[in-house]
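Report on one structure; see the data block that follows.
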Amino acid sequence: MLFWASVAMSVMLFVLWGGIATMVDLGSTMRGLGMITGLIGTDLVLVMLVLAARIPWLDQLIGHDTAIAYHRKLGKPALYLILAHAALLIGGAAVLDGFDVVGATITILTDLDNFLASIGLLLFVVVVVSSIVAAVRKWSYEAWYVIHLLSYIAIVLALPHQSIPGAVLADGSWRYAYWLTLYGIAFGSLLLFRVLLPVGRSLFHGLKVSRVEHIAPGVASIYLTGRRVESLRIRGGQYALWRFWGAKTWWHAHPISFSATPTPNTLRITVRDLGDGSRALTNVNPGTRVTFSGPFGIFTNQARTAPHAVLISAGIGVTPIRAFLEDAALSPGEATVILRHSGSDPTYLWDEIHALAEESGTRVIEMRGHRPPGTTTWISATASAEQLTLESMLPDLTDSDLYVCGPIAWTELVVRDARAAGVPNHQIHVEQFDW
């Protein structure tokens, strides 16, 4: 609702300025449409910043991964609108100047504010294209961070040309004050929630690695100690962005779930060796200082809307499920856990899940082995041969909140089957860790 209101207000700024009355011929109409597309495009960019700012109430409302998904979806429309803004303004000026496109372009760019805005536009093009490449090639957090620093510069460079005398956002007008407020909200949110709050929390809690416990080949639980950990109000199923200040780990931030509920002074996360960065974490030295941002996520018992709960995990996705079980006050028969394991390597945290399940009367189903060859299913070949399905394993499925955590492609197959079985979308909880 707030999103659409901000878009509508962008158009209303032009209307209330009297822009409709200025559109009297082809050139002026193109110029007016250029102003409108510029206002909407810039508004979308500011909304993108708010979505990426890790604002706590927004995270609790829709989840950080959903906010980032919307952030990414707005990138292309915002770029197209801003490109249209530039093209329409140049085209409109050319029509009014006797169809001299080159002359109109030179005239526009000789103004310093417009020249800075054009640099900002080029930077924004680089950001959107690079973000698409980064997503496909799975660039590191650091590469992503550098890309987005360019977007902040681009947005700031665009501001001076928006406030020229006589324009919609003329300096000193209430419209300009409104626009500056939007800029203040967007950049203020980034500064507060992405910089000041994480730095302040990290300094206050003073987390350090107390010990590292290797629980399986390539898998380690990292125990952290600090001050007043309980004040973070971490819920089972949440995660944080972690940076370990060791010689081999300081350069990379990692999104990792809590694998246990915290004690007053202790946290635990569990890491699997999935690459150079996570491999270094499994061998981090005790005493290493740790900074963090979070906790994030609504993959928690507090998000439930149905009387039953089903939790399905694969691989390292077992960690938030384990913390969820420990945190939730479950009654006997209220929840079912499905533990999926396809390889021959040892499982991890399954013994802890069984112990927690026994305490709460939670049913646990183990499903081992590879999937049937040539099929698109998430269940094992053995379960498939027995014609097991979500419905047959879970009689209360449609009356359950479904929590799924595992590899993305595997998770999508579980969600596909759940939807086909009639589970409503609002009862399906999937959270991919994101920046």
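Convention: chains lettered A, B, ... in structure tokens order; per-chain residue numbering from 1; ligands numbered from 1 as shown.
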Exercise for review: Give the strand (DSSP E) residues of segment 132-323 of chain A, as DSSP finds them on the backbone, and put them as an MDAnalysis selection string.
Suggested key: chainID A and resid 208:216 219:225 239:244 254:257 266:272 290:296 308:314
Produce a file of the selected residues containing N, CA and C atoms, as a short mmCIF file (atom, residue, chain, number, x, y, z; two decimals), in the first residue's frame.
```cif
data_model
loop_
_atom_site.label_atom_id
_atom_site.label_comp_id
_atom_site.auth_asym_id
_atom_site.auth_seq_id
_atom_site.Cartn_x
_atom_site.Cartn_y
_atom_site.Cartn_z
N LYS A 208 32.90 -13.18 20.71
CA LYS A 208 34.15 -13.84 20.34
C LYS A 208 33.88 -15.34 20.17
N VAL A 209 34.70 -15.97 19.37
CA VAL A 209 34.61 -17.43 19.23
C VAL A 209 35.17 -18.07 20.49
N SER A 210 34.36 -18.88 21.14
CA SER A 210 34.84 -19.57 22.35
C SER A 210 35.38 -20.96 22.02
N ARG A 211 34.72 -21.65 21.11
CA ARG A 211 35.24 -22.96 20.68
C ARG A 211 34.58 -23.37 19.37
N VAL A 212 35.22 -24.29 18.67
CA VAL A 212 34.71 -24.83 17.42
C VAL A 212 34.63 -26.34 17.57
N GLU A 213 33.45 -26.89 17.34
CA GLU A 213 33.24 -28.33 17.49
C GLU A 213 32.93 -28.93 16.12
N HIS A 214 33.80 -29.80 15.64
CA HIS A 214 33.59 -30.47 14.36
C HIS A 214 32.66 -31.66 14.57
N ILE A 215 31.47 -31.57 14.00
CA ILE A 215 30.45 -32.59 14.26
C ILE A 215 30.29 -33.58 13.12
N ALA A 216 30.92 -33.30 11.98
CA ALA A 216 30.91 -34.20 10.82
C ALA A 216 31.97 -33.68 9.87
N VAL A 219 31.76 -30.07 8.57
CA VAL A 219 30.67 -29.39 9.31
C VAL A 219 31.15 -29.09 10.72
N ALA A 220 30.94 -27.84 11.15
CA ALA A 220 31.39 -27.45 12.49
C ALA A 220 30.37 -26.53 13.14
N SER A 221 30.20 -26.72 14.44
CA SER A 221 29.41 -25.79 15.24
C SER A 221 30.35 -24.80 15.90
N ILE A 222 30.04 -23.52 15.74
CA ILE A 222 30.88 -22.46 16.28
C ILE A 222 30.14 -21.83 17.46
N TYR A 223 30.77 -21.85 18.61
CA TYR A 223 30.18 -21.28 19.82
C TYR A 223 30.75 -19.89 20.05
N LEU A 224 29.87 -18.93 20.31
CA LEU A 224 30.26 -17.54 20.50
C LEU A 224 29.83 -17.09 21.90
N THR A 225 30.67 -16.33 22.55
CA THR A 225 30.33 -15.77 23.85
C THR A 225 30.36 -14.25 23.78
N TYR A 239 18.37 -15.95 11.39
CA TYR A 239 19.78 -15.96 11.00
C TYR A 239 20.35 -14.56 11.15
N ALA A 240 21.66 -14.45 10.96
CA ALA A 240 22.34 -13.16 10.99
C ALA A 240 23.44 -13.16 9.94
N LEU A 241 23.93 -11.97 9.62
CA LEU A 241 25.11 -11.83 8.77
C LEU A 241 26.33 -11.71 9.68
N TRP A 242 27.29 -12.61 9.50
CA TRP A 242 28.42 -12.70 10.41
C TRP A 242 29.73 -12.34 9.71
N ARG A 243 30.60 -11.67 10.42
CA ARG A 243 31.95 -11.41 9.92
C ARG A 243 32.94 -11.78 11.03
N PHE A 244 33.81 -12.72 10.71
CA PHE A 244 34.80 -13.21 11.66
C PHE A 244 36.14 -12.53 11.35
N HIS A 254 28.97 -13.64 6.11
CA HIS A 254 28.27 -14.90 5.85
C HIS A 254 26.87 -14.87 6.47
N PRO A 255 25.82 -15.16 5.69
CA PRO A 255 24.49 -15.34 6.29
C PRO A 255 24.37 -16.76 6.83
N ILE A 256 24.25 -16.89 8.16
CA ILE A 256 24.23 -18.21 8.80
C ILE A 256 23.16 -18.23 9.88
N SER A 257 22.41 -19.34 9.93
CA SER A 257 21.36 -19.51 10.94
C SER A 257 21.94 -19.77 12.31
N THR A 266 25.78 -16.89 25.46
CA THR A 266 26.32 -17.81 24.45
C THR A 266 25.40 -17.94 23.25
N LEU A 267 26.02 -18.00 22.06
CA LEU A 267 25.31 -18.28 20.82
C LEU A 267 25.97 -19.46 20.13
N ARG A 268 25.20 -20.15 19.27
CA ARG A 268 25.80 -21.21 18.46
C ARG A 268 25.29 -21.13 17.04
N ILE A 269 26.21 -21.24 16.10
CA ILE A 269 25.86 -21.38 14.69
C ILE A 269 26.57 -22.62 14.17
N THR A 270 26.02 -23.21 13.12
CA THR A 270 26.63 -24.41 12.55
C THR A 270 26.87 -24.18 11.07
N VAL A 271 28.10 -24.46 10.63
CA VAL A 271 28.56 -24.13 9.29
C VAL A 271 28.99 -25.39 8.55
N ARG A 272 28.64 -25.43 7.27
CA ARG A 272 29.09 -26.53 6.41
C ARG A 272 30.06 -25.99 5.37
N VAL A 290 34.01 -11.25 16.52
CA VAL A 290 32.92 -11.45 15.56
C VAL A 290 32.00 -10.24 15.58
N THR A 291 31.70 -9.70 14.40
CA THR A 291 30.67 -8.66 14.28
C THR A 291 29.51 -9.25 13.49
N PHE A 292 28.34 -8.63 13.63
CA PHE A 292 27.15 -9.23 13.02
C PHE A 292 26.11 -8.17 12.73
N SER A 293 25.18 -8.54 11.87
CA SER A 293 23.99 -7.75 11.59
C SER A 293 22.80 -8.69 11.67
N GLY A 294 21.81 -8.33 12.47
CA GLY A 294 20.67 -9.21 12.65
C GLY A 294 20.18 -9.16 14.10
N PRO A 295 19.31 -10.11 14.47
CA PRO A 295 18.84 -11.26 13.70
C PRO A 295 17.77 -10.89 12.67
N PHE A 296 17.67 -11.75 11.63
CA PHE A 296 16.71 -11.55 10.56
C PHE A 296 15.81 -12.78 10.44
N HIS A 308 -1.13 -27.05 13.34
CA HIS A 308 -0.02 -27.99 13.29
C HIS A 308 1.15 -27.37 12.55
N ALA A 309 2.31 -28.01 12.69
CA ALA A 309 3.52 -27.53 12.02
C ALA A 309 4.26 -28.71 11.41
N VAL A 310 4.75 -28.52 10.20
CA VAL A 310 5.58 -29.51 9.52
C VAL A 310 6.90 -28.83 9.15
N LEU A 311 8.00 -29.46 9.54
CA LEU A 311 9.32 -28.89 9.27
C LEU A 311 10.13 -29.88 8.45
N ILE A 312 10.56 -29.46 7.26
CA ILE A 312 11.29 -30.34 6.35
C ILE A 312 12.64 -29.73 6.04
N SER A 313 13.69 -30.52 6.22
CA SER A 313 15.04 -29.99 6.00
C SER A 313 15.88 -30.94 5.17
N ALA A 314 16.89 -30.35 4.51
CA ALA A 314 17.90 -31.13 3.79
C ALA A 314 19.24 -30.43 3.95
#
```
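Among the candidates A:Phe193, A:Trp179, A:Phe324, A:Phe299, the residue lying nearest to Arg54 of chain A is A:Phe193 (atoms considered: only C-alpha atoms).
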Taking a cut-off of 8 Å and counting only C-alpha atoms, can you build a table that, for each residue of segment 308-398 of chain A near segment 412-426 of chain A, reports the nearest atom pair and how far apart they are in Å (one decimal), sorted by chain then residue number, as a tab-separated table?
```
residue	atom	partner	partner_atom	distance
A:Thr376	CA	A:Leu413	CA	7.5
A:Thr377	CA	A:Leu413	CA	6.3
A:Trp378	CA	A:Leu413	CA	5.9
A:Leu390	CA	A:Ala418	CA	7.1
A:Glu391	CA	A:Ala421	CA	6.8
A:Leu397	CA	A:Val423	CA	7.1
A:Thr398	CA	A:Val423	CA	4.9
```
Output file for the residues above (C-alpha atoms, as a compact mmCIF listing (two decimals), in the first residue's frame):
```
# COMPACT_ATOMS: atom_id res chain seq x y z
CA THR A 376 11.77 -34.30 -10.55
CA THR A 377 11.00 -35.16 -6.96
CA TRP A 378 12.46 -34.31 -3.58
CA LEU A 390 3.40 -35.43 1.44
CA GLU A 391 -0.29 -36.20 1.90
CA LEU A 397 -0.85 -31.26 6.01
CA THR A 398 -3.48 -28.69 5.00
```
**Study point:** Contacts of Ile153 of chain A at 10 Å (only C-alpha atoms; same-chain gap of 2+ positions) as an MDAnalysis selection string
**Key:** chainID A and resid 119:120 123:124 148:151 155:158
